[in-house]
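Colleague: Structure: final-v2.txt, compact mmCIF, C-alpha atoms.
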# COMPACT_ATOMS: atom_id res chain seq x y z
CA MET A 145 116.64 98.00 2.05
CA ASN A 146 115.43 95.35 4.45
CA ILE A 147 119.05 94.45 5.19
CA ILE A 148 119.95 98.07 5.95
CA SER A 149 116.90 98.50 8.22
CA LYS A 150 117.72 95.32 10.15
CA THR A 151 121.30 96.44 10.58
CA ASN A 152 120.24 99.84 11.91
CA LYS A 153 117.85 98.13 14.33
CA ASN A 154 120.64 95.86 15.63
CA ASN A 155 122.93 98.85 16.06
CA ARG A 156 120.29 100.66 18.08
CA GLN A 157 119.80 97.59 20.33
CA ARG A 158 123.55 97.27 20.87
CA SER A 159 123.73 100.98 21.72
CA GLN A 160 120.93 100.61 24.25
CA LYS A 161 122.63 97.60 25.87
CA LEU A 162 125.95 99.41 25.97
CA LEU A 163 124.29 102.44 27.56
CA THR A 164 122.62 100.20 30.15
CA LEU A 165 125.89 98.41 30.97
CA THR A 166 127.72 101.72 31.18
CA GLY A 167 125.13 102.97 33.66
CA VAL A 168 125.47 99.87 35.81
CA ALA A 169 129.25 100.17 35.74
CA ALA A 170 128.99 103.78 36.85
CA LEU A 171 126.80 102.75 39.77
CA VAL A 172 129.27 100.08 40.82
CA LEU A 173 132.29 102.35 40.52
CA THR A 174 130.64 105.11 42.54
CA GLY A 175 129.59 102.68 45.28
CA GLY A 176 125.87 102.95 44.56
CA LEU A 177 124.88 106.25 42.92
CA ALA A 178 121.78 107.83 44.42
CA ILE A 179 118.88 108.28 41.99
CA GLN A 180 116.14 110.84 42.65
CA SER A 181 112.67 109.63 41.82
CA ALA A 182 109.63 111.71 40.93
CA ASP A 183 108.47 111.76 44.57
CA ALA A 184 111.87 113.18 45.67
CA HIS A 185 112.90 110.12 47.74
CA TRP A 186 116.48 108.95 47.44
CA TYR A 187 117.48 105.32 47.08
CA GLN A 188 120.83 103.56 47.19
CA TRP A 189 121.99 100.18 46.04
CA PRO A 190 122.25 97.59 48.82
CA ARG A 191 125.19 97.93 51.22
CA LEU A 192 126.84 95.20 53.24
CA THR A 193 125.85 95.14 56.90
CA GLY A 194 126.04 92.76 59.85
CA ILE A 195 124.23 91.86 63.05
CA VAL A 196 125.88 91.98 66.50
CA TYR A 197 124.38 90.39 69.62
CA THR A 198 125.27 90.70 73.28
CA GLN A 199 123.48 89.77 76.49
CA SER A 200 122.10 92.48 78.80
CA ASN A 201 122.70 90.23 81.83
CA ILE A 202 120.08 92.07 83.91
CA PRO A 203 119.96 90.29 87.31
CA THR A 204 116.25 90.91 87.91
CA PRO A 205 114.07 87.76 87.58
CA ASN A 206 112.90 87.25 83.97
CA ALA A 207 114.56 90.52 82.88
CA ASN A 208 117.62 89.16 81.06
CA SER A 209 117.65 89.67 77.29
CA ILE A 210 119.68 89.53 74.10
CA LEU A 211 120.46 92.96 72.65
CA GLY A 212 120.70 93.19 68.86
CA PHE A 213 122.50 95.80 66.77
CA ARG A 214 122.91 96.35 63.05
CA ARG A 215 126.47 97.26 62.05
CA ASP A 216 126.89 99.27 58.85
CA ALA A 217 129.82 99.25 56.42
CA LEU A 218 131.64 101.88 58.49
CA GLY A 219 131.33 99.92 61.75
CA THR A 220 128.56 102.04 63.30
CA LEU A 221 126.14 100.12 65.53
CA THR A 222 122.41 100.89 65.57
CA PRO A 223 119.87 99.00 67.72
CA LEU A 224 117.55 96.74 65.73
CA SER A 225 113.95 97.88 65.30
CA THR A 226 113.20 95.43 68.10
CA PRO A 227 116.28 96.13 70.23
CA SER A 228 116.00 93.36 72.83
CA PHE A 229 114.72 89.80 73.03
CA PRO A 230 113.79 88.36 76.47
CA THR A 231 115.60 85.18 77.45
CA GLY A 232 113.03 84.15 80.07
CA GLY A 233 115.58 84.25 82.89
CA ALA A 234 117.93 86.37 84.96
CA GLY A 235 121.53 87.51 84.69
CA ILE A 236 123.98 87.90 87.55
CA PRO A 237 124.93 90.94 89.63
CA ASN A 238 128.25 92.77 89.66
CA ALA A 239 129.71 90.81 92.57
CA SER A 240 133.29 89.99 93.56
CA ILE A 241 134.66 87.10 95.60
CA ALA A 242 138.02 86.15 97.10
CA GLY A 243 139.56 83.24 95.22
CA LYS A 244 143.02 81.69 95.22
CA GLY A 245 144.72 85.00 94.62
CA PRO A 246 143.54 88.62 94.63
CA PHE A 247 139.91 89.69 94.61
CA PHE A 248 138.39 89.24 91.23
CA ILE A 249 135.06 90.07 89.63
CA THR A 250 133.67 86.56 89.44
CA ALA A 251 130.79 87.59 87.22
CA PHE A 252 133.28 88.59 84.53
CA ALA A 253 135.25 85.33 84.75
CA SER A 254 133.73 83.55 81.77
CA ASP A 255 133.49 83.57 77.99
CA GLN A 256 131.09 82.22 75.32
CA GLU A 257 127.99 83.28 77.24
CA VAL A 258 126.30 83.78 73.86
CA ILE A 259 127.02 81.58 70.82
CA VAL A 260 125.49 80.80 67.43
CA ASN A 261 125.53 77.61 65.39
CA PRO A 262 127.76 77.39 62.26
CA GLU A 263 124.74 77.95 60.00
CA LYS A 264 124.01 81.26 61.81
CA THR A 265 120.39 80.20 62.26
CA ARG A 266 120.23 79.58 66.01
CA LEU A 267 121.48 81.43 69.08
CA PHE A 268 122.15 80.03 72.56
CA ALA A 269 122.59 82.13 75.72
CA VAL A 270 123.05 81.51 79.44
CA ASN A 271 120.70 82.75 82.14
CA SER A 272 123.36 82.65 84.85
CA GLY A 273 121.05 83.94 87.58
CA SER A 274 118.25 81.44 87.02
CA ASN A 275 120.16 78.29 86.00
CA THR A 276 118.73 78.01 82.49
CA ILE A 277 119.78 78.17 78.82
CA ALA A 278 117.80 80.26 76.32
CA VAL A 279 117.59 79.10 72.70
CA PHE A 280 116.43 81.28 69.79
CA ASP A 281 115.86 80.90 66.08
CA ILE A 282 117.53 83.71 64.13
CA ASN A 283 115.21 85.30 61.58
CA ARG A 284 116.33 86.76 58.25
CA ASP A 285 116.06 90.33 59.55
CA GLY A 286 118.21 89.53 62.59
CA SER A 287 115.33 89.36 65.05
CA LEU A 288 115.13 86.39 67.42
CA SER A 289 112.29 83.98 68.17
CA PRO A 290 112.53 81.65 71.21
CA VAL A 291 112.24 77.96 70.36
CA GLU A 292 109.44 76.01 71.95
CA GLY A 293 110.24 75.16 75.57
CA SER A 294 112.99 77.80 76.00
CA PRO A 295 114.59 78.40 78.44
CA PHE A 296 115.85 74.94 79.46
CA PRO A 297 117.44 73.84 82.79
CA SER A 298 121.24 74.12 82.62
CA GLY A 299 122.02 70.93 84.53
CA GLY A 300 123.64 72.84 87.39
CA VAL A 301 123.91 76.22 89.07
CA GLN A 302 125.07 79.48 87.47
CA PRO A 303 125.72 78.54 83.81
CA VAL A 304 128.40 80.82 82.37
CA SER A 305 129.70 79.33 79.10
CA LEU A 306 128.48 77.31 76.11
CA GLY A 307 130.21 75.21 73.44
CA LEU A 308 128.59 73.53 70.44
CA ALA A 309 129.95 70.39 68.75
CA GLY A 310 127.50 69.31 66.06
CA ASP A 311 124.27 68.65 67.91
CA ILE A 312 126.00 68.40 71.31
CA LEU A 313 125.85 71.50 73.52
CA THR A 314 128.26 71.68 76.46
CA VAL A 315 127.36 73.92 79.41
CA VAL A 316 129.75 75.13 82.11
CA ASN A 317 127.95 75.60 85.44
CA GLN A 318 130.21 77.71 87.65
CA ASN A 319 128.20 77.40 90.90
CA LEU A 320 130.06 80.04 92.83
CA LEU A 321 128.08 83.19 93.60
CA PRO A 322 125.99 82.88 96.78
CA GLN A 323 123.36 85.18 95.24
CA ILE A 324 122.31 82.49 92.76
CA PRO A 325 119.34 80.36 93.89
CA THR A 326 120.15 76.67 93.86
CA GLN A 327 117.73 74.40 92.03
CA GLU A 328 119.59 71.29 93.12
CA ALA A 329 120.88 69.87 96.39
CA SER A 330 122.85 72.21 98.63
CA ASP A 331 126.03 70.25 97.94
CA SER A 332 125.87 70.85 94.16
CA LEU A 333 129.29 71.21 92.53
CA PRO A 334 130.53 73.16 89.52
CA ASN A 335 130.35 71.02 86.41
CA TYR A 336 130.64 70.53 82.68
CA THR A 337 127.54 68.85 81.26
CA THR A 338 126.12 68.11 77.81
CA PHE A 339 122.79 68.23 76.00
CA ARG A 340 121.50 66.93 72.70
CA VAL A 341 120.11 69.73 70.52
CA THR A 342 117.07 68.56 68.56
CA PRO A 343 116.39 69.85 65.02
CA LYS A 344 113.83 72.24 66.53
CA GLY A 345 116.33 73.55 69.08
CA ARG A 346 115.12 71.82 72.23
CA LEU A 347 117.80 70.75 74.73
CA ILE A 348 117.68 67.14 75.90
CA PRO A 349 120.00 66.22 78.82
CA ILE A 350 122.43 63.42 77.98
CA PRO A 351 122.43 60.82 80.80
CA ASN A 352 125.67 60.42 82.76
CA SER A 353 127.34 63.27 80.89
CA THR A 354 127.99 65.57 83.85
CA ALA A 355 131.64 65.97 84.86
CA SER A 356 131.81 67.69 88.26
CA VAL A 357 134.84 69.61 89.52
CA PRO A 358 135.70 70.63 93.11
CA ARG A 359 133.95 73.52 94.81
CA GLY A 360 135.70 76.83 94.15
CA SER A 361 137.24 75.61 90.88
CA LEU A 362 135.76 78.56 88.94
CA PRO A 363 135.45 76.90 85.51
CA THR A 364 135.32 79.64 82.88
CA GLN A 365 134.87 78.29 79.36
CA ALA A 366 133.56 75.47 77.15
CA LEU A 367 136.02 75.58 74.25
CA ILE A 368 135.45 73.06 71.44
CA SER A 369 138.28 71.81 69.19
CA PRO A 370 137.98 72.39 65.41
CA ASN A 371 137.19 68.69 64.81
CA LYS A 372 134.41 68.83 67.46
CA ARG A 373 135.87 65.88 69.37
CA LEU A 374 137.52 67.65 72.29
CA LEU A 375 136.47 70.09 75.01
CA PHE A 376 138.98 72.35 76.77
CA GLY A 377 138.27 74.11 80.05
CA MET A 378 140.08 76.16 82.68
CA ASP A 379 139.48 75.99 86.42
CA ALA A 380 140.59 79.54 87.14
CA GLY A 381 140.16 79.23 90.89
CA THR A 382 142.62 76.34 91.23
CA GLY A 383 144.90 76.86 88.23
CA LEU A 384 143.99 73.60 86.50
CA LEU A 385 143.70 73.12 82.75
CA ARG A 386 141.21 70.43 81.71
CA SER A 387 140.54 68.53 78.51
CA TYR A 388 137.74 66.08 77.73
CA GLN A 389 136.96 63.79 74.83
CA ILE A 390 133.42 64.28 73.52
CA LEU A 391 132.29 60.72 72.90
CA PRO A 392 129.88 59.79 70.07
CA ASN A 393 127.07 59.39 72.63
CA GLY A 394 127.67 62.95 73.84
CA ARG A 395 129.24 62.04 77.16
CA LEU A 396 132.47 63.61 78.38
CA GLN A 397 135.56 61.52 79.13
CA GLN A 398 138.49 63.28 80.75
CA SER A 399 141.75 63.01 78.81
CA PRO A 400 144.61 60.93 80.31
CA ASN A 401 146.74 63.82 81.60
CA SER A 402 143.81 66.02 82.64
CA PRO A 403 143.60 68.03 84.83
CA GLN A 404 147.00 69.59 84.37
CA GLN A 405 148.50 72.11 86.77
CA LEU A 406 149.57 75.34 85.12
CA PRO A 407 153.33 75.97 84.99
CA PRO A 408 155.08 78.46 87.34
CA ALA A 409 155.29 80.87 84.38
CA ALA A 410 151.53 81.34 84.66
CA PHE A 411 151.91 83.08 88.01
CA PRO A 412 153.80 86.15 89.13
CA PRO A 413 156.09 85.58 92.14
CA ASN A 414 153.58 87.01 94.61
CA PRO A 415 150.66 86.47 94.90
CA LEU A 416 149.42 83.40 93.05
CA GLY A 417 147.79 84.40 89.80
CA LEU A 418 144.70 83.77 87.75
CA THR A 419 144.31 82.26 84.29
CA LEU A 420 141.25 82.78 82.15
CA GLY A 421 140.96 82.69 78.34
CA LEU A 422 141.42 79.73 76.00
CA GLN A 423 141.50 79.53 72.21
CA VAL A 424 142.44 76.84 69.68
CA HIS A 425 144.29 77.29 66.42
CA PRO A 426 141.78 76.62 63.59
CA ARG A 427 144.13 74.34 61.62
CA ARG A 428 146.84 73.05 63.94
CA PRO A 429 146.55 71.09 67.23
CA ILE A 430 147.58 74.09 69.31
CA LEU A 431 145.84 75.59 72.35
CA TYR A 432 146.49 79.16 73.50
CA VAL A 433 146.02 80.01 77.19
CA ALA A 434 145.88 83.47 78.78
CA PHE A 435 148.11 83.63 81.88
CA THR A 436 146.24 86.64 83.18
CA LEU A 437 148.21 88.13 86.04
CA SER A 438 151.64 87.32 84.62
CA ASN A 439 150.69 88.98 81.31
CA GLN A 440 151.79 86.03 79.22
CA LEU A 441 150.30 83.84 76.52
CA GLY A 442 150.81 80.12 77.04
CA VAL A 443 151.13 77.84 74.00
CA TYR A 444 150.25 74.14 74.23
CA SER A 445 150.11 71.32 71.71
CA TYR A 446 147.46 68.65 72.11
CA GLU A 447 147.09 65.02 71.07
CA PRO A 448 144.00 63.46 69.42
CA ASP A 449 142.94 62.18 72.87
CA GLY A 450 143.25 65.69 74.35
CA ASP A 451 146.57 65.26 76.16
CA LEU A 452 148.23 68.67 76.53
CA HIS A 453 151.92 69.61 76.35
CA LEU A 454 153.26 73.05 77.19
CA LEU A 455 155.49 74.38 74.41
CA ARG A 456 156.34 77.89 75.62
CA THR A 457 155.05 81.19 76.92
CA VAL A 458 155.34 84.55 75.16
CA PRO A 459 154.91 88.03 76.64
CA ASN A 460 151.90 90.30 76.28
CA SER A 461 152.45 94.06 76.56
CA GLY A 462 148.92 94.61 77.90
CA ARG A 463 147.78 94.20 81.49
CA ALA A 464 145.71 91.18 82.60
CA ILE A 465 145.36 89.32 79.28
CA CYS A 466 141.96 87.61 79.34
CA TRP A 467 139.97 86.44 76.34
CA LEU A 468 141.26 85.30 72.96
CA VAL A 469 140.08 84.83 69.39
CA THR A 470 141.82 83.77 66.15
CA ASN A 471 140.90 84.38 62.53
CA ARG A 472 139.85 81.46 60.33
CA ALA A 473 143.12 81.36 58.41
CA GLY A 474 145.09 80.93 61.63
CA THR A 475 147.35 83.91 60.92
CA ARG A 476 146.24 86.35 63.66
CA LEU A 477 145.31 86.04 67.33
CA TYR A 478 143.59 88.86 69.25
CA THR A 479 143.49 89.30 73.03
CA THR A 480 141.71 91.66 75.39
CA ASN A 481 143.67 93.19 78.28
CA PRO A 482 141.14 94.75 80.68
CA LEU A 483 143.46 96.43 83.19
CA ASP A 484 144.82 98.81 80.54
CA ASN A 485 141.71 98.72 78.33
CA SER A 486 143.61 97.38 75.33
CA VAL A 487 143.59 94.81 72.53
CA THR A 488 146.74 92.97 71.46
CA VAL A 489 147.34 91.48 68.01
CA TYR A 490 149.69 88.51 67.49
CA ASP A 491 151.13 87.11 64.27
CA ILE A 492 150.60 83.33 64.40
CA GLY A 493 150.90 82.78 60.64
CA ARG A 494 154.65 82.25 60.39
CA ASP A 495 154.84 79.86 63.33
CA PRO A 496 151.61 79.13 65.25
CA SER A 497 153.64 77.72 68.15
CA THR A 498 155.51 81.03 68.61
CA PRO A 499 153.09 83.98 68.55
CA VAL A 500 154.73 87.36 67.87
CA GLU A 501 153.03 90.51 69.14
CA ILE A 502 152.65 93.08 66.36
CA GLN A 503 150.23 95.64 67.83
CA ARG A 504 148.55 96.86 71.01
CA VAL A 505 145.63 99.31 70.75
CA VAL A 506 144.12 101.17 73.72
CA LEU A 507 140.35 101.43 73.41
CA ARG A 508 138.35 104.58 74.09
CA GLY A 509 136.67 104.70 77.49
CA GLU A 510 137.60 104.07 81.09
CA MET A 511 139.57 101.16 82.53
CA LEU A 512 137.85 97.79 82.73
CA THR A 513 137.80 95.10 85.40
CA GLY A 514 137.88 91.53 84.15
CA GLY A 515 135.54 91.25 81.21
CA ALA A 516 135.95 92.38 77.61
CA GLN A 517 134.87 89.35 75.58
CA LEU A 518 135.57 89.70 71.86
CA ALA A 519 134.39 88.38 68.49
CA LEU A 520 135.22 88.76 64.80
CA ASP A 521 132.37 89.11 62.32
CA SER A 522 131.82 86.45 59.67
CA THR A 523 133.83 88.36 57.04
CA GLU A 524 136.56 89.14 59.60
CA SER A 525 136.30 92.80 58.65
CA PHE A 526 135.49 93.97 62.18
CA LEU A 527 136.50 93.00 65.72
CA HIS A 528 133.94 93.63 68.47
CA VAL A 529 134.69 93.93 72.20
CA VAL A 530 132.00 94.03 74.89
CA SER A 531 133.33 95.71 78.03
CA GLN A 532 132.40 96.28 81.65
CA PRO A 533 134.05 99.36 83.25
CA ALA A 534 135.69 99.19 86.66
CA ILE A 535 134.01 102.26 88.14
CA ASN A 536 130.97 103.49 86.22
CA VAL A 537 128.79 100.55 85.24
CA ALA A 538 126.61 103.02 83.28
CA ASN A 539 129.41 103.05 80.69
CA ASN A 540 129.02 99.45 79.61
CA ARG A 541 129.98 99.42 75.96
CA ILE A 542 130.71 97.64 72.71
CA SER A 543 133.87 98.76 70.94
CA VAL A 544 134.16 98.18 67.20
CA LEU A 545 137.53 97.93 65.47
CA LYS A 546 138.16 97.76 61.74
CA VAL A 547 140.49 94.91 60.74
CA ASN A 548 143.12 95.75 58.13
CA ARG A 549 142.62 93.23 55.34
CA TYR A 550 146.33 93.12 54.53
CA ASP A 551 148.08 92.74 57.88
CA GLY A 552 145.29 91.98 60.40
CA THR A 553 145.98 95.02 62.59
CA VAL A 554 143.00 96.91 64.01
CA THR A 555 141.80 100.51 64.31
CA GLU A 556 138.84 101.62 66.42
CA VAL A 557 136.16 103.14 64.18
CA PRO A 558 135.11 106.79 64.76
CA SER A 559 131.63 105.93 66.06
CA SER A 560 132.97 103.51 68.69
CA PRO A 561 132.14 102.76 71.47
CA GLN A 562 128.42 102.04 71.56
CA LEU A 563 127.23 102.62 75.14
CA ILE A 564 124.85 100.11 76.75
CA PRO A 565 122.73 101.50 79.62
CA SER A 566 122.87 99.64 82.91
CA VAL A 567 119.64 98.32 84.41
CA ASN A 568 119.66 97.35 88.09
CA ASN A 569 123.49 97.28 88.15
CA SER A 570 123.67 95.10 85.05
CA PHE A 571 126.64 94.63 82.77
CA PRO A 572 126.61 92.90 79.36
CA GLN A 573 128.28 89.51 78.92
CA GLY A 574 129.18 87.65 75.74
CA ILE A 575 129.21 88.79 72.13
CA VAL A 576 128.72 87.31 68.67
CA ALA A 577 128.88 89.08 65.31
CA ASN A 578 126.51 87.09 63.17
CA TYR A 579 125.91 86.76 59.46
CA ASN A 580 126.20 89.63 56.99
CA THR A 581 123.17 90.62 54.99
CA PHE A 582 122.30 93.08 52.23
CA ALA A 583 119.88 95.79 53.27
CA LYS A 584 118.41 98.57 51.16
CA ILE A 585 119.10 101.98 52.63
CA ARG A 586 116.51 104.67 52.18
CA GLY A 587 116.51 108.17 53.55
Translate the structure of the given file into structure tokens.

Modeller:
Amino acid sequence: MNIISKTNKNNRQRSQKLLTLTGVAALVLTGGLAIQSADAHWYQWPRLTGIVYTQSNIPTPNANSILGFRRDALGTLTPLSTPSFPTGGAGIPNASIAGKGPFFITAFASDQEVIVNPEKTRLFAVNSGSNTIAVFDINRDGSLSPVEGSPFPSGGVQPVSLGLAGDILTVVNQNLLPQIPTQEASDSLPNYTTFRVTPKGRLIPIPNSTASVPRGSLPTQALISPNKRLLFGMDAGTGLLRSYQILPNGRLQQSPNSPQQLPPAAFPPNPLGLTLGLQVHPRRPILYVAFTLSNQLGVYSYEPDGDLHLLRTVPNSGRAICWLVTNRAGTRLYTTNPLDNSVTVYDIGRDPSTPVEIQRVVLRGEMLTGGAQLALDSTESFLHVVSQPAINVANNRISVLKVNRYDGTVTEVPSSPQLIPSVNNSFPQGIVANYNTFAKIRG
């Protein structure tokens, strides 16, 4: 009798476990079944979300800020409970200048205005209008806390781009707009300069690290190689491609064949053109260059010392190809094309040295001017584009595109774009799609 009773007890326990497992399986298969509690509130199992940051770029003194959004599993953006985080500086106005070529919106001629470290725990942003760099710690809920001493002097005038190589931060100081107050001598030049980032996030200037370039060069980007030993930059105003070795002491040493004049293919017959975006292949020593006004993508190989060799150019069906990003696997490359408000997708998986265009998608909204920076999220499920319209600055926006997991093509999500109000003729610059987190949804 004891044996029979024990057996019945074990059967009941197994039945209870099976029932529990069956219930869990049902919840998983239904994507998180809602359960009504006694107080009539509904709960769901956690859903995957992400955090997206851009910079407001408000040109008023001490009014610049980082704007934070939560992105849900469908790609919809919602401002964080604290929607903005002051950077302690100023952005730059919507101003154009005449360079070596047609008029261009100088304020848009940059990328990597906002970056995060590989651990997704710290964010860096330029204050282009006040010559400083803001540094934040990223909290678990996506909110930002400025590190002690932030913002820090940028080592020049009008910082526009940032690149991080370990604990070495490179800053591009464009020094072009006359509206920017100069904190140095009147003969200050555009430059690339480096800082040591302390464990607490403070920026310490590295002596003798500043590499100046001629006035009017219009440097646009601080692109770091995957091995963190090289820096690539473009002087858009003079059509020169630059590469630097990042030495162990943090100083910059220009590569032997740098600067290198862009090939004739970079420019349409008349007038001379403009070149902007740069991106490196994540696994091969290949550099991609946007030949903006000729609507072509340049492909270069590079040596360990940074020497560059042009391999070929390939066409882009969009107008005014600007900024570029690749996925981690090195199979897809995405470009923004502001003059027809589009995104182009290239296959670089079969042969990284010969990109093949496989898609062009026109975004919702009006035509752009020269901005449209872009970023993939950490799962590479979504592509985000921050845009500055040509006519109505009130329609600043972030477009969100879902990435097809099988072929890398993109589709704009139904809720896109997210409009960003303009303040004092401001337009957002720079975008990062930070870590993903699990958040309980209650409603």

Colleague: Wanna dump the region 373-434 of chain A-region 300-312 of chain A contacts at 9 Å for me, each residue with its shortest atom pair and the distance in Å to one decimal, counting only C-alpha atoms, ordered by chain and number, as a tab-separated table?

Modeller:
residue	atom	partner	partner_atom	distance
A:Arg373	CA	A:Ala309	CA	7.5
A:Leu374	CA	A:Ala309	CA	8.8
A:Leu375	CA	A:Gly307	CA	8.2
A:Ile390	CA	A:Ala309	CA	8.5
A:Gly394	CA	A:Ile312	CA	6.2

Colleague: Enumerate, as a JSON list (two decimals) with C-alpha atoms, keeping the file's coordinate frame, the protein, DNA and RNA residues whose atoms approach (117.8, 76.0, 79.3) to within 12 Å, taking into account all atoms listed in the file and the coordinate frame of the file.

Modeller:
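Okay, this is what ended up in out24.json:
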[["chain", "number", "residue", "atom", "x", "y", "z"],
["A", 231, "THR", "CA", 115.60, 85.18, 77.45],
["A", 232, "GLY", "CA", 113.03, 84.15, 80.07],
["A", 233, "GLY", "CA", 115.58, 84.25, 82.89],
["A", 234, "ALA", "CA", 117.93, 86.37, 84.96],
["A", 268, "PHE", "CA", 122.15, 80.03, 72.56],
["A", 269, "ALA", "CA", 122.59, 82.13, 75.72],
["A", 270, "VAL", "CA", 123.05, 81.51, 79.44],
["A", 271, "ASN", "CA", 120.70, 82.75, 82.14],
["A", 272, "SER", "CA", 123.36, 82.65, 84.85],
["A", 273, "GLY", "CA", 121.05, 83.94, 87.58],
["A", 274, "SER", "CA", 118.25, 81.44, 87.02],
["A", 275, "ASN", "CA", 120.16, 78.29, 86.00],
["A", 276, "THR", "CA", 118.73, 78.01, 82.49],
["A", 277, "ILE", "CA", 119.78, 78.17, 78.82],
["A", 278, "ALA", "CA", 117.80, 80.26, 76.32],
["A", 279, "VAL", "CA", 117.59, 79.10, 72.70],
["A", 280, "PHE", "CA", 116.43, 81.28, 69.79],
["A", 290, "PRO", "CA", 112.53, 81.65, 71.21],
["A", 291, "VAL", "CA", 112.24, 77.96, 70.36],
["A", 292, "GLU", "CA", 109.44, 76.01, 71.95],
["A", 293, "GLY", "CA", 110.24, 75.16, 75.57],
["A", 294, "SER", "CA", 112.99, 77.80, 76.00],
["A", 295, "PRO", "CA", 114.59, 78.40, 78.44],
["A", 296, "PHE", "CA", 115.85, 74.94, 79.46],
["A", 297, "PRO", "CA", 117.44, 73.84, 82.79],
["A", 298, "SER", "CA", 121.24, 74.12, 82.62],
["A", 299, "GLY", "CA", 122.02, 70.93, 84.53],
["A", 300, "GLY", "CA", 123.64, 72.84, 87.39],
["A", 301, "VAL", "CA", 123.91, 76.22, 89.07],
["A", 302, "GLN", "CA", 125.07, 79.48, 87.47],
["A", 303, "PRO", "CA", 125.72, 78.54, 83.81],
["A", 306, "LEU", "CA", 128.48, 77.31, 76.11],
["A", 313, "LEU", "CA", 125.85, 71.50, 73.52],
["A", 314, "THR", "CA", 128.26, 71.68, 76.46],
["A", 315, "VAL", "CA", 127.36, 73.92, 79.41],
["A", 317, "ASN", "CA", 127.95, 75.60, 85.44],
["A", 338, "THR", "CA", 126.12, 68.11, 77.81],
["A", 339, "PHE", "CA", 122.79, 68.23, 76.00],
["A", 340, "ARG", "CA", 121.50, 66.93, 72.70],
["A", 341, "VAL", "CA", 120.11, 69.73, 70.52],
["A", 345, "GLY", "CA", 116.33, 73.55, 69.08],
["A", 346, "ARG", "CA", 115.12, 71.82, 72.23],
["A", 347, "LEU", "CA", 117.80, 70.75, 74.73],
["A", 348, "ILE", "CA", 117.68, 67.14, 75.90],
["A", 349, "PRO", "CA", 120.00, 66.22, 78.82]]

Colleague: Quick check, in Å to one decimal: how far apart do CA of Arg214 (chain A) and CA of Val424 (chain A) lie?

Modeller: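 According to the coordinates, CA of Arg214 (chain A) and CA of Val424 (chain A) are separated by 28.4 Å.
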
Colleague: Which residue is closest to Val554 (chain A)? Choose from A:Thr488, A:Ala355, A:Leu321, A:Ser461 and count all atoms listed in the file.

Modeller: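 Distance minimum relative to Val554 (chain A) lands on A:Thr488.
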
Colleague: Around region 470-483 of chain A, with edges along x, y and z and 6 Å added on all six sides, what centre and edge lengths do you get, in Å to one decimal, as AutoDock Vina command-line options?

Modeller:
--center_x 143.6 --center_y 88.7 --center_z 70.8 --size_x 19.5 --size_y 27.5 --size_z 36.8

Colleague: Which distance in Å separates CA of Ile465 (chain A) and CA of Gln517 (chain A), to one decimal?

Modeller: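 Atom-to-atom, CA of Ile465 (chain A) to CA of Gln517 (chain A), that is 11.1 Å.
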
Colleague: Expressed in Å to a single decimal, how great is the separation between CA of Phe571 (chain A) and CA of Pro237 (chain A)?

Modeller: 8.0 Å

Colleague: Just the residues within 8 Å of Leu527 (chain A), please, counting all atoms listed in the file, with nothing from its chain fewer than 2 positions along; format it as a VMD selection string.

Modeller: chain A and resid 518 to 521 524 to 525 529 544 to 547 554

Colleague: May I have the residues within 12 Å of Pro363 (chain A) as a VMD selection string, using all atoms listed in the file and disregarding those fewer than 4 positions away in the same chain?

Modeller: chain A and resid 250 to 255 302 to 306 315 to 320 333 to 336 355 to 359 367 376 to 386 418 to 422

Colleague: Would you list the contacts of Gln397 (chain A) as a list of chain:residue names, taking every protein, DNA or RNA residue within 9 Å and counting only C-alpha atoms, but skipping same-chain residues closer than 5 positions in sequence?

Modeller: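 Close residues of Gln397 (chain A): A:Ser353, A:Ala355, A:Ser387, A:Tyr388, A:Gln389, A:Ile390, A:Leu391.
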